[in-house]
file structure-v9.txt (compact mmCIF, C-alpha atoms)
# COMPACT_ATOMS: atom_id res chain seq x y z
CA MET A 1 -65.47 -4.38 39.13
CA THR A 2 -68.69 -6.40 39.15
CA GLY A 3 -69.20 -8.63 36.09
CA SER A 4 -65.51 -8.69 35.09
CA ASN A 5 -63.94 -12.06 34.15
CA LYS A 6 -60.55 -11.05 35.54
CA LYS A 7 -59.49 -12.86 38.63
CA PRO A 8 -58.46 -10.66 41.50
CA ALA A 9 -54.72 -10.63 42.17
CA GLN A 10 -53.82 -12.91 45.01
CA ALA A 11 -52.36 -11.07 47.92
CA LEU A 12 -48.99 -12.19 49.15
CA GLU A 13 -49.47 -13.95 52.40
CA PRO A 14 -47.48 -12.40 55.20
CA SER A 15 -46.26 -15.83 56.24
CA SER A 16 -44.49 -16.38 52.88
CA VAL A 17 -41.97 -13.57 53.45
CA SER A 18 -39.60 -13.53 56.33
CA ALA A 19 -39.88 -10.49 58.48
CA ASP A 20 -36.17 -9.74 58.15
CA TYR A 21 -35.99 -10.21 54.31
CA ASP A 22 -35.44 -6.91 52.41
CA ILE A 23 -36.66 -6.71 48.82
CA GLY A 24 -34.31 -4.73 46.55
CA TYR A 25 -31.48 -4.99 43.95
CA GLY A 26 -30.43 -8.63 43.67
CA LYS A 27 -33.22 -9.68 46.05
CA PRO A 28 -36.48 -10.15 44.07
CA PRO A 29 -39.71 -11.11 45.78
CA VAL A 30 -39.95 -14.78 46.62
CA HIS A 31 -42.97 -15.44 44.40
CA THR A 32 -41.11 -14.11 41.28
CA ARG A 33 -38.01 -16.32 41.61
CA PHE A 34 -37.31 -19.25 39.24
CA LYS A 35 -38.41 -22.60 40.64
CA PRO A 36 -35.59 -25.16 41.16
CA GLY A 37 -35.38 -27.56 38.20
CA VAL A 38 -37.55 -25.39 35.93
CA SER A 39 -35.97 -23.56 32.94
CA GLY A 40 -36.46 -19.85 32.68
CA ASN A 41 -36.59 -20.20 28.87
CA PRO A 42 -38.69 -23.30 28.15
CA ARG A 43 -38.55 -22.80 24.36
CA GLY A 44 -34.74 -22.85 24.36
CA ARG A 45 -32.26 -20.83 22.27
CA PRO A 46 -33.51 -20.14 18.72
CA ARG A 47 -31.65 -22.06 15.99
CA ARG A 48 -29.63 -20.27 13.31
CA ALA A 49 -30.65 -21.03 9.77
CA LYS A 50 -28.21 -23.47 8.14
CA ASN A 51 -27.74 -21.33 5.04
CA GLN A 52 -27.39 -18.05 6.89
CA ALA A 53 -24.03 -16.43 6.11
CA PRO A 54 -21.89 -15.03 8.92
CA ALA A 55 -21.98 -11.29 9.36
CA LEU A 56 -19.39 -9.50 7.24
CA ASN A 57 -18.18 -6.02 7.90
CA GLU A 58 -17.23 -3.72 5.05
CA GLU A 59 -13.48 -4.34 5.20
CA ARG A 60 -13.82 -8.14 5.12
CA LEU A 61 -16.10 -7.89 2.12
CA LYS A 62 -13.56 -5.70 0.32
CA ASP A 63 -10.87 -8.30 0.97
CA ILE A 64 -13.06 -11.04 -0.51
CA ILE A 65 -13.81 -8.94 -3.61
CA LEU A 66 -10.14 -8.18 -4.19
CA GLN A 67 -9.14 -11.82 -3.67
CA GLU A 68 -11.65 -12.91 -6.28
CA ALA A 69 -10.71 -10.09 -8.66
CA TYR A 70 -7.04 -11.06 -8.70
CA ARG A 71 -7.44 -14.83 -8.44
CA SER A 72 -5.70 -16.47 -11.40
CA ILE A 73 -7.78 -18.44 -13.86
CA THR A 74 -6.91 -20.17 -17.13
CA VAL A 75 -8.33 -18.73 -20.35
CA ARG A 76 -7.84 -19.45 -24.02
CA ASP A 77 -5.62 -16.97 -25.85
CA GLY A 78 -5.36 -17.87 -29.49
CA ALA A 79 -3.84 -21.33 -29.73
CA GLN A 80 -2.69 -21.59 -26.12
CA ASN A 81 -3.98 -21.37 -22.57
CA VAL A 82 -2.76 -18.53 -20.38
CA SER A 83 -3.20 -17.72 -16.69
CA VAL A 84 -4.58 -14.26 -15.97
CA PRO A 85 -6.31 -12.53 -13.04
CA MET A 86 -10.10 -12.81 -12.92
CA ALA A 87 -10.49 -9.04 -13.39
CA GLN A 88 -8.38 -9.13 -16.55
CA ALA A 89 -10.37 -12.06 -17.91
CA VAL A 90 -13.63 -10.20 -17.33
CA MET A 91 -12.34 -7.04 -18.99
CA ARG A 92 -10.98 -9.05 -21.91
CA SER A 93 -14.34 -10.72 -22.40
CA LEU A 94 -16.06 -7.33 -22.26
CA ALA A 95 -13.64 -5.84 -24.81
CA VAL A 96 -14.03 -8.82 -27.16
CA ASN A 97 -17.83 -8.55 -27.03
CA ALA A 98 -17.55 -4.81 -27.69
CA ALA A 99 -15.31 -5.47 -30.70
CA LYS A 100 -17.88 -7.97 -32.02
CA GLY A 101 -20.51 -5.22 -32.07
CA ASP A 102 -22.42 -5.73 -28.83
CA HIS A 103 -23.79 -2.23 -28.13
CA ARG A 104 -24.14 -2.70 -24.38
CA SER A 105 -20.56 -3.94 -24.10
CA GLN A 106 -19.34 -1.08 -26.28
CA ARG A 107 -21.05 1.50 -24.08
CA LEU A 108 -19.83 -0.06 -20.82
CA PHE A 109 -16.27 -0.48 -22.09
CA SER A 110 -16.16 3.12 -23.33
CA GLU A 111 -17.40 4.40 -19.96
CA LEU A 112 -14.83 2.35 -18.05
CA LEU A 113 -12.03 3.48 -20.35
CA SER A 114 -13.02 7.13 -20.11
CA HIS A 115 -13.31 6.94 -16.32
CA THR A 116 -9.90 5.28 -15.99
CA GLU A 117 -8.19 7.80 -18.24
CA ARG A 118 -9.72 10.71 -16.31
CA GLN A 119 -8.45 9.25 -13.04
CA ASN A 120 -4.97 8.72 -14.48
CA LYS A 121 -4.94 12.28 -15.81
CA ALA A 122 -5.97 13.64 -12.41
CA LEU A 123 -3.22 11.67 -10.65
CA HIS A 124 -0.65 12.82 -13.20
CA ASP A 125 -1.66 16.46 -12.84
CA GLU A 126 -1.50 16.18 -9.05
CA TRP A 127 1.98 14.61 -9.20
CA LEU A 128 3.19 17.28 -11.64
CA GLU A 129 1.85 20.10 -9.45
CA THR A 130 3.44 18.56 -6.36
CA ALA A 131 6.81 18.20 -8.10
CA ILE A 132 6.75 21.80 -9.38
CA ASN A 133 5.81 23.24 -5.97
CA TYR A 134 8.46 21.12 -4.23
CA LYS A 135 11.21 22.16 -6.63
CA VAL A 136 10.32 25.88 -6.63
CA GLU A 137 9.89 26.15 -2.85
CA TRP A 138 13.12 24.31 -2.03
CA GLU A 139 15.11 26.30 -4.57
CA ARG A 140 13.91 29.49 -2.86
CA GLU A 141 14.68 28.08 0.58
CA LEU A 142 18.19 26.92 -0.39
CA ASP A 143 18.90 30.33 -1.95
CA ARG A 144 17.76 32.02 1.28
CA ARG A 145 19.98 29.76 3.40
CA GLU A 146 22.97 30.43 1.17
CA LYS A 147 22.52 34.21 1.47
CA LEU A 148 22.23 33.98 5.26
CA GLY A 149 25.06 31.48 5.61
CA ILE A 150 22.80 28.81 7.11
CA GLU A 151 24.25 25.30 6.89
CA VAL A 152 21.76 22.48 7.50
CA PRO A 153 21.26 19.05 5.90
CA LEU A 154 20.05 19.25 2.31
CA PRO A 155 16.52 18.08 1.45
CA ILE A 156 15.84 14.62 0.07
CA PRO A 157 15.18 14.55 -2.82
CA HIS A 158 17.30 17.56 -3.76
CA PRO A 159 15.49 20.02 -6.07
CA ASP A 160 18.37 19.78 -8.55
CA ASP A 161 17.62 16.06 -8.91
CA ILE A 162 14.06 16.74 -10.06
CA GLU A 163 13.72 17.23 -13.82
CA ILE A 164 10.39 18.51 -15.16
CA ASP A 165 9.57 18.41 -18.87
CA MET A 166 7.05 21.23 -19.27
CA ARG A 167 6.30 20.16 -22.84
CA THR A 168 5.17 16.63 -21.95
CA GLY A 169 4.45 17.09 -18.25
CA GLY A 170 6.91 14.34 -17.36
CA VAL A 171 8.71 14.29 -14.01
CA LEU A 172 12.01 12.50 -13.47
CA VAL A 173 13.74 12.20 -10.09
CA LYS A 174 17.41 11.39 -10.69
CA GLY A 175 18.55 11.33 -7.08
CA PRO A 176 17.59 9.46 -3.91
CA MET A 177 14.04 9.71 -2.60
CA THR A 178 14.62 8.60 1.01
CA LYS A 179 17.30 8.85 3.70
CA GLU A 180 18.14 5.19 3.21
CA GLN A 181 18.65 5.70 -0.52
CA LYS A 182 20.76 8.78 0.21
CA ALA A 183 22.99 6.80 2.58
CA GLU A 184 23.43 4.02 0.02
CA LEU A 185 24.20 6.54 -2.73
CA ASP A 186 26.82 8.20 -0.54
CA LYS A 187 28.55 4.83 -0.12
CA TRP A 188 28.69 4.39 -3.89
CA LYS A 189 30.10 7.90 -4.28
CA VAL A 190 32.92 7.07 -1.85
CA ARG A 191 33.70 3.83 -3.67
CA LYS A 192 33.70 5.60 -7.02
CA ALA A 193 36.05 8.32 -5.72
CA GLU A 194 38.42 5.68 -4.31
CA ALA A 195 38.41 3.75 -7.59
CA GLU A 196 39.21 6.92 -9.56
CA LYS A 197 42.03 7.71 -7.14
CA ASP A 198 43.40 4.17 -7.52
CA ARG A 199 43.20 4.52 -11.30
CA ASP A 200 45.33 7.69 -11.24
CA TRP A 201 47.89 5.99 -8.99
CA LEU A 202 48.11 2.93 -11.27
CA VAL A 203 48.59 5.15 -14.31
CA GLY A 204 51.45 6.90 -12.53
CA GLU A 205 53.07 3.60 -11.52
CA MET A 206 52.80 2.30 -15.07
CA ALA A 207 54.60 5.38 -16.37
CA LYS A 208 57.46 4.98 -13.87
CA THR A 209 58.30 1.28 -14.26
CA ARG A 210 59.95 -0.59 -17.08
CA ASP A 211 59.90 -3.98 -15.42
CA PRO A 212 57.75 -6.28 -17.60
CA LYS A 213 56.60 -8.38 -14.64
CA ARG A 214 55.52 -5.35 -12.62
CA ARG A 215 53.86 -3.76 -15.66
CA SER A 216 51.88 -6.98 -16.15
CA ILE A 217 50.66 -6.81 -12.55
CA ILE A 218 49.71 -3.14 -12.92
CA GLU A 219 47.84 -3.83 -16.16
CA ARG A 220 45.87 -6.58 -14.46
CA ASP A 221 45.01 -4.25 -11.56
CA MET A 222 44.01 -1.49 -13.97
CA ALA A 223 41.68 -3.85 -15.85
CA HIS A 224 39.97 -4.83 -12.60
CA ASN A 225 39.77 -1.20 -11.52
CA ASP A 226 38.24 -0.18 -14.86
CA ARG A 227 35.54 -2.84 -14.52
CA MET A 228 34.65 -1.52 -11.06
CA LEU A 229 34.62 2.07 -12.30
CA GLU A 230 32.22 1.08 -15.07
CA ILE A 231 29.83 -0.32 -12.47
CA TYR A 232 30.11 2.77 -10.27
CA ARG A 233 29.51 5.09 -13.22
CA ARG A 234 26.30 3.25 -14.09
CA VAL A 235 25.01 4.13 -10.62
CA ILE A 236 26.61 7.58 -10.47
CA PRO A 237 27.27 9.07 -13.93
CA ASP A 238 30.22 11.46 -14.22

call {"tool": "encode", "arguments": {"input": "structure-v9.txt", "output": "structure tokens"}}
result
Amino acid sequence: MTGSNKKPAQALEPSSVSADYDIGYGKPPVHTRFKPGVSGNPRGRPRRAKNQAPALNEERLKDIILQEAYRSITVRDGAQNVSVPMAQAVMRSLAVNAAKGDHRSQRLFSELLSHTERQNKALHDEWLETAINYKVEWERELDRREKLGIEVPLPIPHPDDIEIDMRTGGVLVKGPMTKEQKAELDKWKVRKAEAEKDRDWLVGEMAKTRDPKRRSIIERDMAHNDRMLEIYRRVIPD
């Protein structure tokens, strides 16, 4: 256009491109290539700020928070120094300030306490409901199997080993909770049965003999057997 300050684009001279050179993917025009010895990025790679923290994803940040929360620090407790987790020290400081009459601390401590108690109550109610459903459903299933004559391995824990106090909402599991615990308990049952059998045999031998030396040996064996039975009965009450 007449009067424009723009310089017309220079046409590529036919002599600068070989007749048998195809322009395409991986083969840019000659005039657009980087010159030998000249950087394609003259300004260079931008520098990172010295105080810029490395990127942290959510899980790494959680780990750092938990490490700091449970890092042990030394605090004054009366006349002595004690080592407590950071989280406990913070909560203790908050509770002390609340007890001294700081209204903000009182409000925050009350909110934290109420929130914690609600969560504990919800977990307790969930555990109680789970225990009741487990016990009722397995009792029905075991009754059905017994009527049909079905013999299969018993559940772990066994419903008879689950005691539920409906007055307090407490749940007590008296038996094993896993297969490994069940296997270990079975070993103790065998040992207890063998010790009781040995006890009966020793009592019979003591009644038959009048030899003081043999009676002394039997008494010593009975004392050892009784000690073992006491241990077994602590694990497996009669």

call {"tool": "closest_residue", "arguments": {"input": "structure-v9.txt", "among": "A:Arg107, A:His158, A:Lys192, A:Arg144", "to": "A:Ala131", "atoms": "all atoms listed in the file"}}
result
A:His158

call {"tool": "atom_distance", "arguments": {"input": "structure-v9.txt", "atom1": "atom CA of A:Ser72", "atom2": "atom CA of A:Val84"}}
result
5.2 Å

call {"tool": "residues_around", "arguments": {"input": "structure-v9.txt", "residues": "A:Ile162", "least_positions_apart": "5", "cutoff": "8 Å", "atoms": "all atoms listed in the file", "output": "ChimeraX atom specification"}}
result
/A:131,135,157,171-175

call {"tool": "closest_residue", "arguments": {"input": "structure-v9.txt", "among": "A:Asp143, A:Glu205, A:Glu196, A:Asp238", "to": "A:Asn225", "atoms": "only C-alpha atoms"}}
result
A:Glu196

call {"tool": "atom_distance", "arguments": {"input": "structure-v9.txt", "atom1": "atom CA of A:Ala69", "atom2": "atom CA of A:Arg104"}}
result
22.0 Å

call {"tool": "atom_distance", "arguments": {"input": "structure-v9.txt", "atom1": "atom CA of A:Trp138", "atom2": "atom CA of A:Pro155"}}
result
7.9 Å

call {"tool": "axis_aligned_box", "arguments": {"input": "structure-v9.txt", "around": "stretch 69-86 of chain A", "padding_each_side": "4 Å", "output": "AutoDock Vina command-line options"}}
result
--center_x -6.7 --center_y -15.8 --center_z -19.1 --size_x 16.0 --size_y 19.5 --size_z 29.3

call {"tool": "residues_around", "arguments": {"input": "structure-v9.txt", "residues": "A:Lys179", "least_positions_apart": "4", "cutoff": "9 Å", "atoms": "all atoms listed in the file", "output": "ChimeraX atom specification"}}
result
/A:156-157,183-184
